[in-house]
>>> print(open('coords_4.csv').read())   # CSV, N, CA and C atoms
chain,number,residue,atom,x,y,z
K,10,MET,N,137.1,58.1,135.7
K,10,MET,CA,137.9,57.3,136.6
K,10,MET,C,139.3,58.0,136.7
K,11,TRP,N,139.8,58.0,137.9
K,11,TRP,CA,141.1,58.6,138.2
K,11,TRP,C,142.2,57.7,137.9
K,12,THR,N,143.2,58.2,137.3
K,12,THR,CA,144.4,57.4,137.0
K,12,THR,C,145.5,57.8,138.0
K,13,ARG,N,146.6,57.1,137.9
K,13,ARG,CA,147.7,57.4,138.8
K,13,ARG,C,148.2,58.8,138.5
K,14,GLU,N,148.3,59.1,137.3
K,14,GLU,CA,148.9,60.4,136.9
K,14,GLU,C,148.0,61.5,137.4
K,15,ASP,N,146.6,61.4,137.3
K,15,ASP,CA,145.7,62.4,137.8
K,15,ASP,C,145.9,62.6,139.3
K,16,ILE,N,146.0,61.5,140.0
K,16,ILE,CA,146.1,61.6,141.5
K,16,ILE,C,147.4,62.3,141.8
K,17,ARG,N,148.5,61.9,141.2
K,17,ARG,CA,149.8,62.5,141.4
K,17,ARG,C,149.8,64.0,141.1
K,18,ARG,N,149.1,64.4,140.0
K,18,ARG,CA,149.0,65.8,139.7
K,18,ARG,C,148.2,66.6,140.7
K,19,GLU,N,147.1,66.0,141.2
K,19,GLU,CA,146.3,66.7,142.2
K,19,GLU,C,147.0,66.8,143.5
K,20,VAL,N,147.7,65.8,143.9
K,20,VAL,CA,148.5,65.9,145.2
K,20,VAL,C,149.6,66.9,145.0
K,21,ALA,N,150.3,66.9,143.9
K,21,ALA,CA,151.4,67.8,143.7
K,21,ALA,C,150.9,69.3,143.7
K,22,GLU,N,149.7,69.5,143.1
K,22,GLU,CA,149.2,70.9,143.1
K,22,GLU,C,148.7,71.3,144.5
K,23,ALA,N,148.2,70.3,145.3
K,23,ALA,CA,147.8,70.6,146.7
K,23,ALA,C,148.9,71.0,147.6
K,24,PHE,N,150.1,70.4,147.3
K,24,PHE,CA,151.3,70.7,148.2
K,24,PHE,C,152.2,71.7,147.6
K,25,ARG,N,151.9,72.3,146.5
K,25,ARG,CA,152.8,73.3,145.9
K,25,ARG,C,152.6,74.6,146.7
K,26,PRO,N,153.7,75.2,147.1
K,26,PRO,CA,153.6,76.4,147.9
K,26,PRO,C,153.1,77.6,147.0
K,27,ASP,N,152.5,78.5,147.7
K,27,ASP,CA,152.0,79.7,147.0
K,27,ASP,C,153.2,80.5,146.5
K,28,PRO,N,153.0,81.2,145.5
K,28,PRO,CA,154.1,82.1,145.0
K,28,PRO,C,154.3,83.2,146.0
K,29,PRO,N,155.6,83.6,146.2
K,29,PRO,CA,155.8,84.7,147.2
K,29,PRO,C,155.2,86.0,146.8
K,30,LYS,N,154.8,86.8,147.8
K,30,LYS,CA,154.2,88.1,147.6
K,30,LYS,C,155.3,89.0,147.1
K,31,PRO,N,154.9,89.9,146.2
K,31,PRO,CA,155.9,90.9,145.7
K,31,PRO,C,156.3,91.8,146.9
K,32,LYS,N,157.6,92.2,146.9
K,32,LYS,CA,158.1,93.1,147.9
K,32,LYS,C,157.6,94.5,147.6
K,33,PRO,N,157.2,95.2,148.7
K,33,PRO,CA,156.8,96.6,148.5
K,33,PRO,C,157.9,97.5,148.1
K,34,THR,N,157.6,98.5,147.3
K,34,THR,CA,158.6,99.4,146.8
K,34,THR,C,158.9,100.4,148.0
K,35,PRO,N,160.0,101.2,147.9
K,35,PRO,CA,160.2,102.1,149.0
K,35,PRO,C,159.1,103.2,149.1
K,36,GLU,N,158.5,103.5,148.0
K,36,GLU,CA,157.4,104.5,148.0
K,36,GLU,C,156.2,103.9,148.8
K,37,GLU,N,155.9,102.6,148.5
K,37,GLU,CA,154.8,102.0,149.3
K,37,GLU,C,155.1,101.9,150.8
K,38,LYS,N,156.3,101.6,151.1
K,38,LYS,CA,156.7,101.5,152.5
K,38,LYS,C,156.6,102.8,153.2
K,39,ALA,N,157.0,103.9,152.5
K,39,ALA,CA,156.8,105.2,153.1
K,39,ALA,C,155.4,105.6,153.3
K,40,GLN,N,154.5,105.3,152.3
K,40,GLN,CA,153.1,105.6,152.4
K,40,GLN,C,152.5,104.8,153.6
K,41,GLU,N,152.9,103.6,153.8
K,41,GLU,CA,152.3,102.8,154.9
K,41,GLU,C,152.8,103.3,156.2
K,42,HIS,N,154.1,103.7,156.3
K,42,HIS,CA,154.6,104.3,157.5
K,42,HIS,C,153.9,105.6,157.9
K,43,TRP,N,153.7,106.4,156.9
K,43,TRP,CA,153.0,107.7,157.2
K,43,TRP,C,151.5,107.5,157.6
K,44,ARG,N,150.9,106.5,157.0
K,44,ARG,CA,149.5,106.2,157.3
K,44,ARG,C,149.4,105.7,158.7
K,45,SER,N,150.3,104.8,159.1
K,45,SER,CA,150.2,104.1,160.4
K,45,SER,C,150.7,105.0,161.6
K,46,ASN,N,151.5,106.0,161.3
K,46,ASN,CA,152.0,106.8,162.4
K,46,ASN,C,150.9,107.5,163.2
K,47,LYS,N,151.1,107.7,164.5
K,47,LYS,CA,150.2,108.4,165.3
K,47,LYS,C,150.6,109.9,165.3
K,48,PRO,N,149.7,110.7,165.6
K,48,PRO,CA,150.0,112.2,165.6
K,48,PRO,C,150.9,112.4,166.8
K,49,GLY,N,151.6,113.5,166.8
K,49,GLY,CA,152.6,113.9,167.9
K,49,GLY,C,151.9,114.1,169.2
K,50,GLU,N,150.6,114.5,169.2
K,50,GLU,CA,150.0,114.7,170.5
K,50,GLU,C,149.8,113.4,171.3
K,51,VAL,N,149.5,112.4,170.5
K,51,VAL,CA,149.3,111.1,171.2
K,51,VAL,C,150.6,110.6,171.8
K,52,TYR,N,151.7,110.8,171.1
K,52,TYR,CA,153.0,110.4,171.6
K,52,TYR,C,153.3,111.2,172.9
K,53,ALA,N,153.0,112.5,172.8
K,53,ALA,CA,153.3,113.3,174.0
K,53,ALA,C,152.5,112.9,175.2
K,54,GLU,N,151.2,112.5,175.0
K,54,GLU,CA,150.3,112.1,176.1
K,54,GLU,C,150.9,110.8,176.7
K,55,GLN,N,151.3,109.9,175.8
K,55,GLN,CA,151.8,108.6,176.3
K,55,GLN,C,153.1,108.8,177.1
K,56,ALA,N,153.9,109.7,176.7
K,56,ALA,CA,155.2,110.0,177.4
K,56,ALA,C,154.9,110.6,178.7
K,57,ALA,N,154.0,111.5,178.8
K,57,ALA,CA,153.6,112.2,180.0
K,57,ALA,C,153.0,111.2,181.0
K,58,SER,N,152.1,110.4,180.6
K,58,SER,CA,151.5,109.4,181.5
K,58,SER,C,152.5,108.4,182.0
K,59,SER,N,153.5,108.0,181.1
K,59,SER,CA,154.5,107.1,181.5
K,59,SER,C,155.4,107.8,182.6
K,60,LEU,N,155.8,109.0,182.4
K,60,LEU,CA,156.6,109.7,183.4
K,60,LEU,C,155.8,109.9,184.7
K,61,GLU,N,154.5,110.1,184.6
K,61,GLU,CA,153.8,110.3,185.9
K,61,GLU,C,153.7,108.9,186.6
K,62,ALA,N,153.5,107.8,185.9
K,62,ALA,CA,153.5,106.5,186.6
K,62,ALA,C,154.9,106.2,187.2
K,63,PHE,N,155.9,106.6,186.5
K,63,PHE,CA,157.3,106.3,187.0
K,63,PHE,C,157.5,107.1,188.2
K,64,ALA,N,157.1,108.4,188.2
K,64,ALA,CA,157.3,109.2,189.4
K,64,ALA,C,156.5,108.7,190.6
K,65,ARG,N,155.3,108.2,190.4
K,65,ARG,CA,154.5,107.6,191.5
K,65,ARG,C,155.2,106.4,192.0
K,66,ASN,N,155.7,105.6,191.1
K,66,ASN,CA,156.4,104.4,191.5
K,66,ASN,C,157.7,104.7,192.3
K,67,VAL,N,158.4,105.7,191.9
K,67,VAL,CA,159.6,106.1,192.7
K,67,VAL,C,159.2,106.7,194.0
K,68,GLU,N,158.1,107.4,194.1
K,68,GLU,CA,157.7,107.9,195.4
K,68,GLU,C,157.4,106.8,196.4
K,69,THR,N,156.6,105.8,195.9
K,69,THR,CA,156.1,104.8,196.8
K,69,THR,C,157.1,103.6,197.0
K,70,GLU,N,158.0,103.4,196.0
K,70,GLU,CA,158.9,102.3,196.0
K,70,GLU,C,160.3,102.7,196.4
K,71,THR,N,160.6,102.6,197.7
K,71,THR,CA,161.9,103.0,198.2
K,71,THR,C,162.7,101.7,198.5
K,72,ALA,N,164.0,101.9,198.8
K,72,ALA,CA,164.8,100.7,199.2
K,72,ALA,C,164.3,100.1,200.4
K,73,GLU,N,163.8,100.9,201.4
K,73,GLU,CA,163.3,100.4,202.6
K,73,GLU,C,162.0,99.6,202.4
K,74,SER,N,161.2,100.0,201.5
K,74,SER,CA,159.9,99.3,201.3
K,74,SER,C,160.2,98.0,200.6
K,75,ARG,N,161.2,98.0,199.6
K,75,ARG,CA,161.6,96.7,199.0
K,75,ARG,C,162.2,95.8,200.0
K,76,ARG,N,163.0,96.3,200.9
K,76,ARG,CA,163.6,95.4,201.9
K,76,ARG,C,162.6,94.8,202.8
K,77,GLN,N,161.6,95.7,203.2
K,77,GLN,CA,160.5,95.2,204.0
K,77,GLN,C,159.7,94.1,203.3
K,78,LYS,N,159.4,94.3,202.1
K,78,LYS,CA,158.7,93.3,201.3
K,78,LYS,C,159.4,92.0,201.3
K,79,ALA,N,160.8,92.1,201.0
K,79,ALA,CA,161.6,90.9,201.0
K,79,ALA,C,161.6,90.1,202.3
K,80,MET,N,161.7,90.9,203.4
K,80,MET,CA,161.7,90.3,204.7
K,80,MET,C,160.4,89.6,205.0
K,81,VAL,N,159.3,90.2,204.6
K,81,VAL,CA,158.0,89.6,204.9
K,81,VAL,C,157.9,88.3,204.0
K,82,LYS,N,158.3,88.4,202.8
K,82,LYS,CA,158.3,87.2,202.0
K,82,LYS,C,159.1,86.0,202.5
K,83,GLU,N,160.4,86.4,203.0
K,83,GLU,CA,161.2,85.4,203.6
K,83,GLU,C,160.6,84.8,204.9
K,84,ALA,N,160.0,85.6,205.7
K,84,ALA,CA,159.4,85.1,206.9
K,84,ALA,C,158.2,84.2,206.6
K,85,ARG,N,157.4,84.6,205.6
K,85,ARG,CA,156.3,83.7,205.2
K,85,ARG,C,156.8,82.4,204.7
K,86,GLU,N,157.9,82.4,203.8
K,86,GLU,CA,158.4,81.1,203.3
K,86,GLU,C,159.0,80.3,204.5
K,87,TRP,N,159.7,81.0,205.5
K,87,TRP,CA,160.2,80.2,206.6
K,87,TRP,C,159.1,79.6,207.4
K,88,ASN,N,158.0,80.3,207.6
K,88,ASN,CA,156.9,79.7,208.4
K,88,ASN,C,156.2,78.6,207.6
K,89,GLU,N,156.1,78.7,206.3
K,89,GLU,CA,155.5,77.7,205.5
K,89,GLU,C,156.3,76.4,205.5
K,90,ALA,N,157.7,76.6,205.4
K,90,ALA,CA,158.6,75.4,205.4
K,90,ALA,C,158.6,74.8,206.8
K,91,GLY,N,158.4,75.6,207.8
K,91,GLY,CA,158.5,75.0,209.2
K,91,GLY,C,157.3,74.1,209.5
K,92,LYS,N,156.3,74.1,208.7
K,92,LYS,CA,155.2,73.2,209.0
K,92,LYS,C,155.5,71.7,208.6
K,93,ASP,N,156.6,71.5,207.9
K,93,ASP,CA,157.0,70.2,207.5
K,93,ASP,C,157.8,69.6,208.7
K,94,PRO,N,157.5,68.4,209.2
K,94,PRO,CA,158.2,67.9,210.4
K,94,PRO,C,159.7,67.7,210.1
K,95,ALA,N,160.1,67.3,208.9
K,95,ALA,CA,161.5,67.0,208.6
K,95,ALA,C,162.3,68.4,208.7
K,96,VAL,N,161.7,69.4,208.2
K,96,VAL,CA,162.3,70.7,208.2
K,96,VAL,C,162.5,71.2,209.7
K,97,ARG,N,161.4,71.0,210.5
K,97,ARG,CA,161.5,71.4,211.9
K,97,ARG,C,162.6,70.6,212.6
K,98,TYR,N,162.7,69.3,212.3
K,98,TYR,CA,163.7,68.5,213.0
K,98,TYR,C,165.1,68.9,212.6
K,99,GLN,N,165.3,69.2,211.3
K,99,GLN,CA,166.6,69.7,210.8
K,99,GLN,C,167.0,71.0,211.4
K,100,ARG,N,166.0,71.9,211.6
K,100,ARG,CA,166.3,73.2,212.2
K,100,ARG,C,166.7,73.0,213.7
K,101,GLU,N,166.1,72.1,214.4
K,101,GLU,CA,166.4,71.8,215.7
K,101,GLU,C,167.8,71.3,215.8
K,102,LEU,N,168.2,70.3,214.9
K,102,LEU,CA,169.5,69.8,214.9
K,102,LEU,C,170.6,70.9,214.6
K,103,ASP,N,170.2,71.8,213.6
K,103,ASP,CA,171.1,72.9,213.3
K,103,ASP,C,171.3,73.8,214.5
K,104,ARG,N,170.3,74.1,215.2
K,104,ARG,CA,170.3,74.9,216.4
K,104,ARG,C,171.2,74.3,217.5
K,105,ILE,N,171.1,73.0,217.7
K,105,ILE,CA,171.9,72.3,218.7
K,105,ILE,C,173.4,72.3,218.3
K,106,ALA,N,173.6,72.0,217.0
K,106,ALA,CA,175.0,72.0,216.5
K,106,ALA,C,175.7,73.4,216.6
K,107,GLN,N,174.9,74.4,216.3
K,107,GLN,CA,175.5,75.8,216.4
K,107,GLN,C,175.7,76.2,217.9
K,108,ALA,N,174.8,75.8,218.8
K,108,ALA,CA,175.1,76.0,220.2
K,108,ALA,C,176.3,75.3,220.7
K,109,ASN,N,176.5,74.0,220.2
K,109,ASN,CA,177.7,73.3,220.6
K,109,ASN,C,179.0,74.0,220.0
K,110,LEU,N,178.9,74.4,218.8
K,110,LEU,CA,180.1,75.2,218.3
K,110,LEU,C,180.4,76.4,219.0
K,111,ASP,N,179.3,77.2,219.4
K,111,ASP,CA,179.5,78.4,220.2
K,111,ASP,C,180.1,78.1,221.5
K,112,LEU,N,179.7,77.0,222.2
K,112,LEU,CA,180.2,76.7,223.5
K,112,LEU,C,181.7,76.3,223.4
K,113,ARG,N,182.0,75.5,222.4
K,113,ARG,CA,183.4,75.1,222.2
K,113,ARG,C,184.3,76.3,221.9
K,114,THR,N,183.8,77.2,221.1
K,114,THR,CA,184.6,78.4,220.8
K,114,THR,C,184.8,79.2,222.1
K,115,ALA,N,183.8,79.3,222.9
K,115,ALA,CA,184.0,80.1,224.2
K,115,ALA,C,184.9,79.4,225.1
K,116,LEU,N,184.9,78.1,225.2
K,116,LEU,CA,185.7,77.3,226.1
K,116,LEU,C,187.1,77.3,225.7
K,117,TYR,N,187.3,77.1,224.4
K,117,TYR,CA,188.7,76.8,223.9
K,117,TYR,C,189.2,78.0,223.1
K,118,ASP,N,188.9,79.2,223.6
K,118,ASP,CA,189.5,80.4,222.9
K,118,ASP,C,190.9,80.7,223.4
K,119,ASP,N,191.8,79.9,222.9
K,119,ASP,CA,193.2,80.0,223.4
K,119,ASP,C,194.1,79.8,222.2
K,120,GLU,N,195.4,79.5,222.5
K,120,GLU,CA,196.4,79.3,221.5
K,120,GLU,C,196.5,77.9,221.0
K,121,TYR,N,195.4,77.1,221.1
K,121,TYR,CA,195.4,75.8,220.6
K,121,TYR,C,194.4,75.6,219.4
K,122,VAL,N,194.7,74.7,218.6
K,122,VAL,CA,193.9,74.4,217.5
K,122,VAL,C,193.6,72.9,217.4
K,123,GLU,N,192.5,72.5,216.9
K,123,GLU,CA,192.2,71.0,216.9
K,123,GLU,C,192.6,70.5,215.5
K,124,ILE,N,193.5,69.5,215.5
K,124,ILE,CA,194.0,68.9,214.3
K,124,ILE,C,193.7,67.4,214.4
K,125,GLY,N,192.9,66.9,213.6
K,125,GLY,CA,192.7,65.4,213.6
K,125,GLY,C,192.1,64.9,214.9
K,126,GLY,N,191.3,65.8,215.6
K,126,GLY,CA,190.7,65.4,216.8
K,126,GLY,C,191.5,65.6,218.1
K,127,PHE,N,192.7,66.1,217.9
K,127,PHE,CA,193.6,66.4,219.0
K,127,PHE,C,193.9,67.9,219.1
K,128,ARG,N,194.0,68.4,220.3
K,128,ARG,CA,194.3,69.8,220.5
K,128,ARG,C,195.8,70.0,220.5
K,129,GLU,N,196.3,70.8,219.5
K,129,GLU,CA,197.7,71.0,219.4
K,129,GLU,C,198.0,72.5,219.5
K,130,PRO,N,199.2,72.9,220.0
K,130,PRO,CA,199.5,74.3,220.1
K,130,PRO,C,199.4,74.9,218.7
K,131,ARG,N,198.8,76.1,218.6
K,131,ARG,CA,198.6,76.7,217.3
K,131,ARG,C,199.9,76.9,216.5
K,132,TYR,N,201.0,77.3,217.2
K,132,TYR,CA,202.3,77.5,216.6
K,132,TYR,C,203.3,76.7,217.4
K,133,GLY,N,203.9,75.8,216.7
K,133,GLY,CA,204.9,75.0,217.4
K,133,GLY,C,206.2,75.7,217.4
K,134,LYS,N,207.2,75.1,218.2
K,134,LYS,CA,208.5,75.7,218.3
K,134,LYS,C,209.2,75.3,217.0
K,135,SER,N,209.7,76.2,216.3
K,135,SER,CA,210.5,75.9,215.1
K,135,SER,C,211.4,77.0,214.8
K,136,PHE,N,212.6,76.7,214.2
K,136,PHE,CA,213.5,77.7,213.8
K,136,PHE,C,213.3,78.2,212.5
K,137,HIS,N,212.3,77.7,211.8
K,137,HIS,CA,212.0,78.1,210.5
K,137,HIS,C,211.1,79.4,210.6
K,138,ARG,N,211.5,80.4,209.8
K,138,ARG,CA,210.7,81.6,209.7
K,138,ARG,C,210.4,81.9,208.3
K,139,ALA,N,209.1,82.2,208.1
K,139,ALA,CA,208.6,82.6,206.8
K,139,ALA,C,207.6,83.7,206.9
K,140,LYS,N,207.1,84.2,205.8
K,140,LYS,CA,206.2,85.4,205.8
K,140,LYS,C,204.9,85.0,206.5
K,141,GLY,N,204.5,83.8,206.5
K,141,GLY,CA,203.2,83.4,207.2
K,141,GLY,C,203.3,83.3,208.7
K,142,ASP,N,204.5,83.2,209.2
K,142,ASP,CA,204.7,83.0,210.7
K,142,ASP,C,204.4,84.3,211.4
K,143,PRO,N,203.9,84.2,212.6
K,143,PRO,CA,203.6,85.4,213.4
K,143,PRO,C,204.9,86.1,213.9
K,144,ASP,N,206.0,85.3,214.0
K,144,ASP,CA,207.2,86.0,214.5
K,144,ASP,C,208.2,86.3,213.4
K,145,TYR,N,207.7,86.4,212.2
K,145,TYR,CA,208.5,86.8,211.0
K,145,TYR,C,208.9,88.2,211.1
K,146,GLY,N,210.2,88.4,211.0
K,146,GLY,CA,210.7,89.8,211.0
K,146,GLY,C,211.2,90.2,212.4
K,147,SER,N,211.1,89.4,213.4
K,147,SER,CA,211.5,89.8,214.7
K,147,SER,C,212.9,89.3,215.0
>>> encode(input="coords_4.csv", output="structure tokens")
Amino acid sequence: MWTREDIRREVAEAFRPDPPKPKPTPEEKAQEHWRSNKPGEVYAEQAASSLEAFARNVETETAESRRQKAMVKEAREWNEAGKDPAVRYQRELDRIAQANLDLRTALYDDEYVEIGGFREPRYGKSFHRAKGDPDYGS
């Protein structure tokens, strides 16, 4: 029959951590390092193949090709987003608003500026002169 003390002892032994492994000595570390190292020829082959792959990548991957890939990606995303009716509607509104701004700029390209919905002369008559004024220094 199991007693409380037996159960506590069994549970405590089950949850007791394993003792830590002994740390290797410097000689053991050195032996492990020398055993795991690859011969120099393997390192040389890996370096040569890596350089060849890099050279191939440099030859094929130019700034122009990266720019072309980015343009194709952006065009694809633009077309995919344009399938959504809300996006199409917003694009049309943006186009109309930009056309309106361009027309206003072409018509009102003069010495007036719009302030609070009213067209005011860009520079009013004033006796004050400061560095920001166009007639400063005259």
>>> atom_distance(input="coords_4.csv", atom1="CA of Tyr98 in chain K", atom2="CA of Glu86 in chain K")
16.8 Å
>>> atom_distance(input="coords_4.csv", atom1="atom C of Ala95 in chain K", atom2="atom C of Thr114 in chain K")
28.3 Å
>>> select_by_dssp(input="coords_4.csv", residues="chain K", states="strand (DSSP E or B)", output="PDB file with N, CA and C atoms, in the coordinates of the input")
ATOM      1  N   TYR K 121     195.400  77.100 221.100  1.00  0.00           N
ATOM      2  CA  TYR K 121     195.400  75.800 220.600  1.00  0.00           C
ATOM      3  C   TYR K 121     194.400  75.600 219.400  1.00  0.00           C
ATOM      4  N   VAL K 122     194.700  74.700 218.600  1.00  0.00           N
ATOM      5  CA  VAL K 122     193.900  74.400 217.500  1.00  0.00           C
ATOM      6  C   VAL K 122     193.600  72.900 217.400  1.00  0.00           C
ATOM      7  N   GLU K 123     192.500  72.500 216.900  1.00  0.00           N
ATOM      8  CA  GLU K 123     192.200  71.000 216.900  1.00  0.00           C
ATOM      9  C   GLU K 123     192.600  70.500 215.500  1.00  0.00           C
ATOM     10  N   ILE K 124     193.500  69.500 215.500  1.00  0.00           N
ATOM     11  CA  ILE K 124     194.000  68.900 214.300  1.00  0.00           C
ATOM     12  C   ILE K 124     193.700  67.400 214.400  1.00  0.00           C
ATOM     13  N   PHE K 127     192.700  66.100 217.900  1.00  0.00           N
ATOM     14  CA  PHE K 127     193.600  66.400 219.000  1.00  0.00           C
ATOM     15  C   PHE K 127     193.900  67.900 219.100  1.00  0.00           C
ATOM     16  N   ARG K 128     194.000  68.400 220.300  1.00  0.00           N
ATOM     17  CA  ARG K 128     194.300  69.800 220.500  1.00  0.00           C
ATOM     18  C   ARG K 128     195.800  70.000 220.500  1.00  0.00           C
ATOM     19  N   GLU K 129     196.300  70.800 219.500  1.00  0.00           N
ATOM     20  CA  GLU K 129     197.700  71.000 219.400  1.00  0.00           C
ATOM     21  C   GLU K 129     198.000  72.500 219.500  1.00  0.00           C
ATOM     22  N   PRO K 130     199.200  72.900 220.000  1.00  0.00           N
ATOM     23  CA  PRO K 130     199.500  74.300 220.100  1.00  0.00           C
ATOM     24  C   PRO K 130     199.400  74.900 218.700  1.00  0.00           C
TER      25      PRO K 130
END
>>> atom_distance(input="coords_4.csv", atom1="CA of Glu61 in chain K", atom2="CA of Glu73 in chain K")
21.6 Å
>>> decode(input="coords_4.csv", residues="range 79-130 of chain K", atoms="C-alpha atoms", output="mmCIF file, in the first residue's frame")
data_model
loop_
_atom_site.group_PDB
_atom_site.id
_atom_site.type_symbol
_atom_site.label_atom_id
_atom_site.label_comp_id
_atom_site.auth_asym_id
_atom_site.auth_seq_id
_atom_site.Cartn_x
_atom_site.Cartn_y
_atom_site.Cartn_z
ATOM 1 C CA ALA K 79 9.401 46.452 -59.897
ATOM 2 C CA MET K 80 7.422 48.172 -62.652
ATOM 3 C CA VAL K 81 5.816 44.896 -63.701
ATOM 4 C CA LYS K 82 4.941 44.134 -60.089
ATOM 5 C CA GLU K 83 3.403 47.579 -59.557
ATOM 6 C CA ALA K 84 1.393 47.326 -62.793
ATOM 7 C CA ARG K 85 0.117 43.894 -61.760
ATOM 8 C CA GLU K 86 -0.906 45.212 -58.323
ATOM 9 C CA TRP K 87 -2.554 48.258 -59.939
ATOM 10 C CA ASN K 88 -4.586 46.062 -62.262
ATOM 11 C CA GLU K 89 -5.557 43.667 -59.466
ATOM 12 C CA ALA K 90 -6.693 46.559 -57.254
ATOM 13 C CA GLY K 91 -8.629 48.091 -60.179
ATOM 14 C CA LYS K 92 -10.981 45.126 -60.265
ATOM 15 C CA ASP K 93 -12.572 46.379 -57.047
ATOM 16 C CA PRO K 94 -15.461 48.807 -57.859
ATOM 17 C CA ALA K 95 -14.651 51.068 -54.883
ATOM 18 C CA VAL K 96 -11.045 51.452 -56.043
ATOM 19 C CA ARG K 97 -12.180 52.193 -59.620
ATOM 20 C CA TYR K 98 -14.627 54.805 -58.346
ATOM 21 C CA GLN K 99 -11.963 56.468 -56.175
ATOM 22 C CA ARG K 100 -9.507 56.528 -59.077
ATOM 23 C CA GLU K 101 -12.112 58.253 -61.238
ATOM 24 C CA LEU K 102 -12.766 60.830 -58.510
ATOM 25 C CA ASP K 103 -9.029 61.433 -58.136
ATOM 26 C CA ARG K 104 -8.655 61.887 -61.898
ATOM 27 C CA ILE K 105 -11.487 64.440 -62.002
ATOM 28 C CA ALA K 106 -10.131 66.330 -58.988
ATOM 29 C CA GLN K 107 -6.638 66.472 -60.521
ATOM 30 C CA ALA K 108 -8.050 67.692 -63.837
ATOM 31 C CA ASN K 109 -9.956 70.406 -61.938
ATOM 32 C CA LEU K 110 -6.777 71.488 -60.126
ATOM 33 C CA ASP K 111 -4.828 71.559 -63.391
ATOM 34 C CA LEU K 112 -7.544 73.699 -65.023
ATOM 35 C CA ARG K 113 -7.628 76.149 -62.116
ATOM 36 C CA THR K 114 -3.837 76.414 -62.187
ATOM 37 C CA ALA K 115 -3.865 77.142 -65.914
ATOM 38 C CA LEU K 116 -6.643 79.734 -65.625
ATOM 39 C CA TYR K 117 -5.426 81.497 -62.510
ATOM 40 C CA ASP K 118 -1.709 81.575 -63.143
ATOM 41 C CA ASP K 119 -1.294 85.177 -62.070
ATOM 42 C CA GLU K 120 -0.316 87.293 -59.059
ATOM 43 C CA TYR K 121 -3.370 86.254 -57.030
ATOM 44 C CA VAL K 122 -3.705 83.633 -54.351
ATOM 45 C CA GLU K 123 -6.832 82.070 -52.916
ATOM 46 C CA ILE K 124 -7.232 82.742 -49.192
ATOM 47 C CA GLY K 125 -10.336 81.489 -47.410
ATOM 48 C CA GLY K 126 -12.174 81.056 -50.705
ATOM 49 C CA PHE K 127 -11.398 84.581 -51.920
ATOM 50 C CA ARG K 128 -8.845 85.604 -54.498
ATOM 51 C CA GLU K 129 -6.455 88.139 -52.980
ATOM 52 C CA PRO K 130 -3.416 89.813 -54.492
#
